[in-house]
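Here is the structure we will look at, set down as structure tokens.
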Amino acid sequence: MAEDISIGQVPTIEKVAESRAAVASGRRRQFTRRTESVGAHVIMIITVIIAIFPLLTIISTSFKIPADVFTPNVQLIPAHPTLANYQYVLAGEFPTWLLNSIKVSLLTTLVGVALAAPAAYAFSRWDFLGKQGLLISFLVTQMFPAPLLLVPLYLLFVNLNLLDNVPALVIVYATTALPFSVWMLKNFFDSVPKELDEAARVDGLGPFRTFWQIVLPLTIPGVAVVAFFNFMAAWNEFLWAFTFLTSESNWTLAIGIKQYVHAFGADWGYLTAASVLVTIPVLIAFLWAQRYLISGLTGGSVKG
Amino acid sequence: MAVVAKTPRPSARADQIRRERIQRLKITGRAYLWLSPIIISMVVIVAYPLIQGLIYSFTNADQSNVALHLGAITLPATYKFIGLQNYASIIGDWFNPKSDNAHVLWITFLWVLLNAIFHFVLGLGLALVLNRKMRLRSIYRMLLMVPWAMPQYIAAFAWLFLFNQQYGFIDVMLQNIGLPAIDWASDPNWALASIIIVNVWLGVPFMTVTLLGGLQSIPDEMYEASAIDGASRWQQFRYITLPMLRPIAFLVTLLDVIWTFNVFAVIFLITAGGPFSSTTTIIVQAWRVAIQTPQRFGLGSAYGYIILAILLVFTLFYSRMLRANEAIY
């Protein structure tokens with residue numbers, strides 16, 4: 001603004017007033033920008049507290065003795081910290097549920113990726129009759145409410161004696177995750193140039209070896225994301241497991257942990273200790289994988 | 001010469017067309033071979049139940065009359081075809097004020113509508129804040145993700161703990177500022193609000209992240225050009241941000257409505273549909289009817305189809321509405 005009133009020019013009253021106003025408005029703008037920035041941080045801090053508070057209470061409660069669980073004053077840091085809840089949980093049925101959950105989730109991951117990857121490659125690379133129809137019908141299945149499939153599958157499993165059968169549950173999980181897995185993997189495969197396939201063909205590689213040796217190794221991050229999604233879906237699932245796994249020895253964590261809740265309340269110490277053991281590993285894995293997950297969902301449009 | 005040269009050409013072209021057709025058939029055959037595992041599993045896990053469910057929905061099948069294979073003994077099915085009775089009784093109940101199920105439709109409507117509104121408004125607000133350049137942005141974004149990353153059933157238990165009467169955290173806070181304690185999940189007037197709070201908490205991160213992706217894909221040049229033209233920030237938001245966000249906002253709200261409609265674990269674990277059915281949505285009701293004794297499979301299947309019909313009609317209506325609106329821009 002100083003240049004406006006340059007040397008050799010006689011500043012008119014209007015010009016001086018104008019430049020003063022400009023400086024003032026600049027200051028005002030800077031002031032609003034600062035308040036805005038403070039406001040943004042305040043909003044984010046409040047939101048983050050709300051977002052993580054339930055997790056914090058779980059962690060805190062898991063280290064409390066029963067007398068400290070409910071107190072008239074909020075006690076975020078345990079007054080009498082103890083590991084007794086963890087000892088009790090780990091000595092009980094929890095390890096069985098944990099093993100069951102790991103088994104179901106790993107198998108789901110394996111089956112899910114093995115089913116989805118070749119299909120996604122076919123969708124990505126070849127033009128064939130009925131391709132669009134199939135892709136769209138996959139999306140429509142996302143709309144099916146679980147109860148719609150639950151009843152006939154329940155009866156089918158009862159009749160085939162597959163109720164309470166872990167592999168059967170795995171097939172259900174992997175299949176219900178298929179539409180998402182196939183779409184995600186197709187997007188990842190699409191990002192590999194088709195010229196590579198051409199070159200492989202010229203070199204005499206068949207379609208399967210092209211897929212297995214050339215394209216798949218280039219999309220390992222994508223495969224990892226889809227594998228992770230399948231794992232999480234099985235790890236976190238409640239309704240199917242609750243309905244299909246009837247015997248206690250097959251229970252996964254979701255059903256098992258529910259045992260700590262009963263009609264008149266809950267064993268909060270045990271429940272929270274078990275919850276922490278279930279949540280922390282997947283939480284860390286999720287926070288690590290979220291960037292890839294989101295870029296797969298939004299076509300890479302999320303920046304820093 | 002010209003005549004001689006012309007004759008092989010059409011045959012060559014026909015040959016080529018034939019070869020291309022064979023090539024195409026070959027590729028189609030190969031594609032279906034590669035797709036066969038997922039097609040088989042989709043047929044068994046999705047298509048078969050869909051058709052079988054449609055058949056059940058016209059019968060009075062339940063625990064006592066379906067076919068049973070107990071080792072070597074097979075008990076034949078004795079359920080009867082009852083036409084549209086299941087559908088008629090479900091829909092009739094919704095509009096019969098004396099029935100116990102009269103409010104299920106209304107509760108489901110409130111549940112979906114309030115969740116969708118809060119998810120979208122809070123998600124958009126947070127996305128707008130996070131879209132500014134600010135310090136600690138990636139840490140904020142990561143911590144915001146926690147509700148999405150927690151297993152839903154764990155989140156449900158955590159909130160059940162916070163909602164605890166008398167000494168739950170929320171009631172302690174309310175009493176500290178001189179308000180009366182609320183029984184939350186066990187008070188019929190507050191139970192629906194309780195589960196909506198939990199589901200909003202669970203759903204906002206996904207909304208925020210996808211809308212943030214949408215915001216970041218809007219070119220900066222559009223804002224710069226409009227600033228030169230003297231547009232105010234509100235005008236920029238109204239005439240650039242909102243229209244540009246429309247496609248992704250449409251997709252995520254559609255998904256959100258479908259997902260919210262189908263939420264089961266959160267409701268079941270926090271209120272189990274109670275107290276006095278004040279949180280029984282259609283999904284919870286369908287599960288109860290079909291799986292709890294006397295396991296009325298026929299009625300449960302009819303519920304499944306009614307839910308599917310509602311979601312399909314909503315999707316069609318919603319996309320039609322969107323397309324009609326698009327003409328304005």
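Scheme for the structure tokens: letters A, B, ... for chains in order shown; per-chain residue numbers from 1; ligand numbers from 1 in order shown.
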Name the residues of region 137-185 of chain B that fall into alpha helix (DSSP H) according to DSSP on the backbone, using the chain letters and numbers of this document, as a PyMOL selection string.
chain B and resi 137-144+146-149+152-162+169-176
Closest contacts (chain B/chain A, max 6 Å, only C-alpha atoms) as JSON lines:
{"residue": "B:Thr28", "atom": "CA", "partner": "A:Phe128", "partner_atom": "CA", "distance": 4.8}
{"residue": "B:Ala31", "atom": "CA", "partner": "A:Ala122", "partner_atom": "CA", "distance": 5.5}
{"residue": "B:Trp34", "atom": "CA", "partner": "A:Ala119", "partner_atom": "CA", "distance": 5.8}
{"residue": "B:Leu35", "atom": "CA", "partner": "A:Ala119", "partner_atom": "CA", "distance": 4.9}
{"residue": "B:Ile38", "atom": "CA", "partner": "A:Leu115", "partner_atom": "CA", "distance": 5.9}
{"residue": "B:Pro49", "atom": "CA", "partner": "A:Pro152", "partner_atom": "CA", "distance": 4.9}
{"residue": "B:Gly53", "atom": "CA", "partner": "A:Pro152", "partner_atom": "CA", "distance": 5.6}
{"residue": "B:His69", "atom": "CA", "partner": "A:Asn159", "partner_atom": "CA", "distance": 5.8}
{"residue": "B:Leu144", "atom": "CA", "partner": "A:Val48", "partner_atom": "CA", "distance": 5.6}
{"residue": "B:Ala149", "atom": "CA", "partner": "A:Leu283", "partner_atom": "CA", "distance": 5.4}
{"residue": "B:Pro151", "atom": "CA", "partner": "A:Asn236", "partner_atom": "CA", "distance": 5.1}
{"residue": "B:Ala158", "atom": "CA", "partner": "A:Pro54", "partner_atom": "CA", "distance": 5.6}
{"residue": "B:Tyr167", "atom": "CA", "partner": "A:Phe70", "partner_atom": "CA", "distance": 5.4}
{"residue": "B:Gly213", "atom": "CA", "partner": "A:Val302", "partner_atom": "CA", "distance": 4.6}
{"residue": "B:Ser217", "atom": "CA", "partner": "A:Ser301", "partner_atom": "CA", "distance": 5.9}
{"residue": "B:Asn262", "atom": "CA", "partner": "A:Pro145", "partner_atom": "CA", "distance": 5.9}
{"residue": "B:Ser301", "atom": "CA", "partner": "A:Leu148", "partner_atom": "CA", "distance": 6.0}
{"residue": "B:Gly304", "atom": "CA", "partner": "A:Leu148", "partner_atom": "CA", "distance": 4.0}
The selected residues should be written to file as a PDB file, in the first residue's frame (atoms: N, CA and C atoms).
ATOM      1  N   THR B  28     -14.724 -64.788 -24.031  1.00  0.00           N
ATOM      2  CA  THR B  28     -15.887 -64.903 -23.152  1.00  0.00           C
ATOM      3  C   THR B  28     -15.837 -66.204 -22.371  1.00  0.00           C
ATOM      4  N   ALA B  31     -13.223 -65.856 -19.729  1.00  0.00           N
ATOM      5  CA  ALA B  31     -13.671 -64.976 -18.656  1.00  0.00           C
ATOM      6  C   ALA B  31     -14.611 -65.721 -17.714  1.00  0.00           C
ATOM      7  N   TRP B  34     -12.822 -68.060 -15.456  1.00  0.00           N
ATOM      8  CA  TRP B  34     -12.178 -67.361 -14.342  1.00  0.00           C
ATOM      9  C   TRP B  34     -13.202 -66.878 -13.322  1.00  0.00           C
ATOM     10  N   LEU B  35     -14.417 -66.590 -13.813  1.00  0.00           N
ATOM     11  CA  LEU B  35     -15.450 -66.092 -12.909  1.00  0.00           C
ATOM     12  C   LEU B  35     -16.214 -67.217 -12.223  1.00  0.00           C
ATOM     13  N   ILE B  38     -16.598 -67.436  -8.318  1.00  0.00           N
ATOM     14  CA  ILE B  38     -17.464 -66.460  -7.634  1.00  0.00           C
ATOM     15  C   ILE B  38     -18.911 -66.626  -8.082  1.00  0.00           C
ATOM     16  N   PRO B  49     -30.710 -68.513  -1.764  1.00  0.00           N
ATOM     17  CA  PRO B  49     -31.552 -68.027  -0.675  1.00  0.00           C
ATOM     18  C   PRO B  49     -32.605 -67.033  -1.151  1.00  0.00           C
ATOM     19  N   GLY B  53     -36.167 -67.980  -0.467  1.00  0.00           N
ATOM     20  CA  GLY B  53     -36.834 -67.053   0.434  1.00  0.00           C
ATOM     21  C   GLY B  53     -38.155 -66.575  -0.144  1.00  0.00           C
ATOM     22  N   HIS B  69     -33.725 -83.270   8.457  1.00  0.00           N
ATOM     23  CA  HIS B  69     -32.926 -84.485   8.220  1.00  0.00           C
ATOM     24  C   HIS B  69     -32.164 -84.772   9.498  1.00  0.00           C
ATOM     25  N   LEU B 144      -9.885 -39.137  14.224  1.00  0.00           N
ATOM     26  CA  LEU B 144     -11.311 -39.121  13.891  1.00  0.00           C
ATOM     27  C   LEU B 144     -11.774 -40.474  13.392  1.00  0.00           C
ATOM     28  N   ALA B 149     -12.814 -47.584  13.078  1.00  0.00           N
ATOM     29  CA  ALA B 149     -11.864 -48.684  13.190  1.00  0.00           C
ATOM     30  C   ALA B 149     -12.226 -49.668  14.293  1.00  0.00           C
ATOM     31  N   PRO B 151     -14.330 -52.404  16.293  1.00  0.00           N
ATOM     32  CA  PRO B 151     -15.399 -53.336  15.955  1.00  0.00           C
ATOM     33  C   PRO B 151     -16.730 -52.797  16.497  1.00  0.00           C
ATOM     34  N   ALA B 158     -19.015 -50.266  24.704  1.00  0.00           N
ATOM     35  CA  ALA B 158     -18.430 -49.060  25.295  1.00  0.00           C
ATOM     36  C   ALA B 158     -19.515 -48.034  25.589  1.00  0.00           C
ATOM     37  N   TYR B 167     -24.306 -43.956  37.521  1.00  0.00           N
ATOM     38  CA  TYR B 167     -22.879 -43.688  37.586  1.00  0.00           C
ATOM     39  C   TYR B 167     -22.177 -43.816  36.235  1.00  0.00           C
ATOM     40  N   GLY B 213     -12.584 -36.319   0.531  1.00  0.00           N
ATOM     41  CA  GLY B 213     -12.061 -36.722  -0.778  1.00  0.00           C
ATOM     42  C   GLY B 213     -12.739 -35.942  -1.892  1.00  0.00           C
ATOM     43  N   SER B 217     -11.076 -32.918  -4.480  1.00  0.00           N
ATOM     44  CA  SER B 217     -11.017 -33.108  -5.926  1.00  0.00           C
ATOM     45  C   SER B 217     -11.610 -31.917  -6.682  1.00  0.00           C
ATOM     46  N   ASN B 262     -30.067 -51.281   7.525  1.00  0.00           N
ATOM     47  CA  ASN B 262     -29.711 -52.673   7.815  1.00  0.00           C
ATOM     48  C   ASN B 262     -28.910 -52.866   9.103  1.00  0.00           C
ATOM     49  N   SER B 301     -39.131 -64.366   5.886  1.00  0.00           N
ATOM     50  CA  SER B 301     -38.756 -64.167   4.485  1.00  0.00           C
ATOM     51  C   SER B 301     -39.556 -63.043   3.857  1.00  0.00           C
ATOM     52  N   GLY B 304     -37.975 -59.939   4.739  1.00  0.00           N
ATOM     53  CA  GLY B 304     -36.791 -59.702   3.914  1.00  0.00           C
ATOM     54  C   GLY B 304     -37.164 -59.065   2.586  1.00  0.00           C
TER      55      GLY B 304
END
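Among the residues of region 157-299 of chain A, backbone DSSP assigns strand (DSSP E or B) to Val261, His262, Gly265 and Ala266 of chain A.
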Which residues are close to region 88-100 of chain B, i.e. within 9 Å by only C-alpha atoms, leaving aside same-chain residues fewer than 5 positions away? Reply as a PyMOL selection string.
chain B and resi 105-106+277+299+302-303+306
Mind writing the picked residues with N, CA and C atoms as a short mmCIF file (atom, residue, chain, number, x, y, z; two decimals), in the first residue's frame?
data_model
loop_
_atom_site.label_atom_id
_atom_site.label_comp_id
_atom_site.auth_asym_id
_atom_site.auth_seq_id
_atom_site.Cartn_x
_atom_site.Cartn_y
_atom_site.Cartn_z
N LEU B 105 -42.66 -49.20 11.68
CA LEU B 105 -42.36 -48.44 10.46
C LEU B 105 -41.91 -47.02 10.82
N TRP B 106 -42.62 -46.42 11.76
CA TRP B 106 -42.32 -45.05 12.18
C TRP B 106 -40.94 -44.98 12.84
N SER B 277 -40.33 -52.38 22.93
CA SER B 277 -40.22 -52.29 21.47
C SER B 277 -39.97 -50.88 20.97
N LEU B 299 -42.86 -65.88 7.52
CA LEU B 299 -43.07 -64.47 7.84
C LEU B 299 -41.74 -63.71 7.74
N ALA B 302 -40.84 -62.98 4.21
CA ALA B 302 -41.66 -61.88 3.68
C ALA B 302 -41.09 -60.54 4.14
N TYR B 303 -40.65 -60.48 5.41
CA TYR B 303 -40.00 -59.27 5.90
C TYR B 303 -38.80 -58.92 5.03
N ILE B 306 -39.91 -57.41 1.84
CA ILE B 306 -40.47 -56.06 2.02
C ILE B 306 -39.33 -55.06 2.20
#
For Ile195 (chain B), work out the shell of residues within 8 Å, counting only C-alpha atoms and skipping chain neighbours fewer than 6 positions away, then give it as a PDB file with C-alpha atoms, in the first residue's frame.
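The resulting file, out22.pdb, is reproduced below:
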ATOM      1  CA  ALA B 185     -31.032 -47.214  26.938  1.00  0.00           C
ATOM      2  CA  VAL B 266     -25.718 -51.860  17.459  1.00  0.00           C
ATOM      3  CA  ILE B 267     -29.436 -51.907  18.186  1.00  0.00           C
ATOM      4  CA  ILE B 270     -27.592 -51.853  23.273  1.00  0.00           C
ATOM      5  CA  THR B 271     -31.367 -52.096  23.575  1.00  0.00           C
TER       6      THR B 271
END
A:Asn250, A:Asp203, A:Pro281, A:Ser137 ranked by distance to Ile39 (chain B), top pick (using only C-alpha atoms)
A:Ser137
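Closest approach to Met142 (chain B) from the set B:Phe206, B:Phe120, B:Trp184, B:Tyr305 is made by B:Phe206, with distances taken over only C-alpha atoms.
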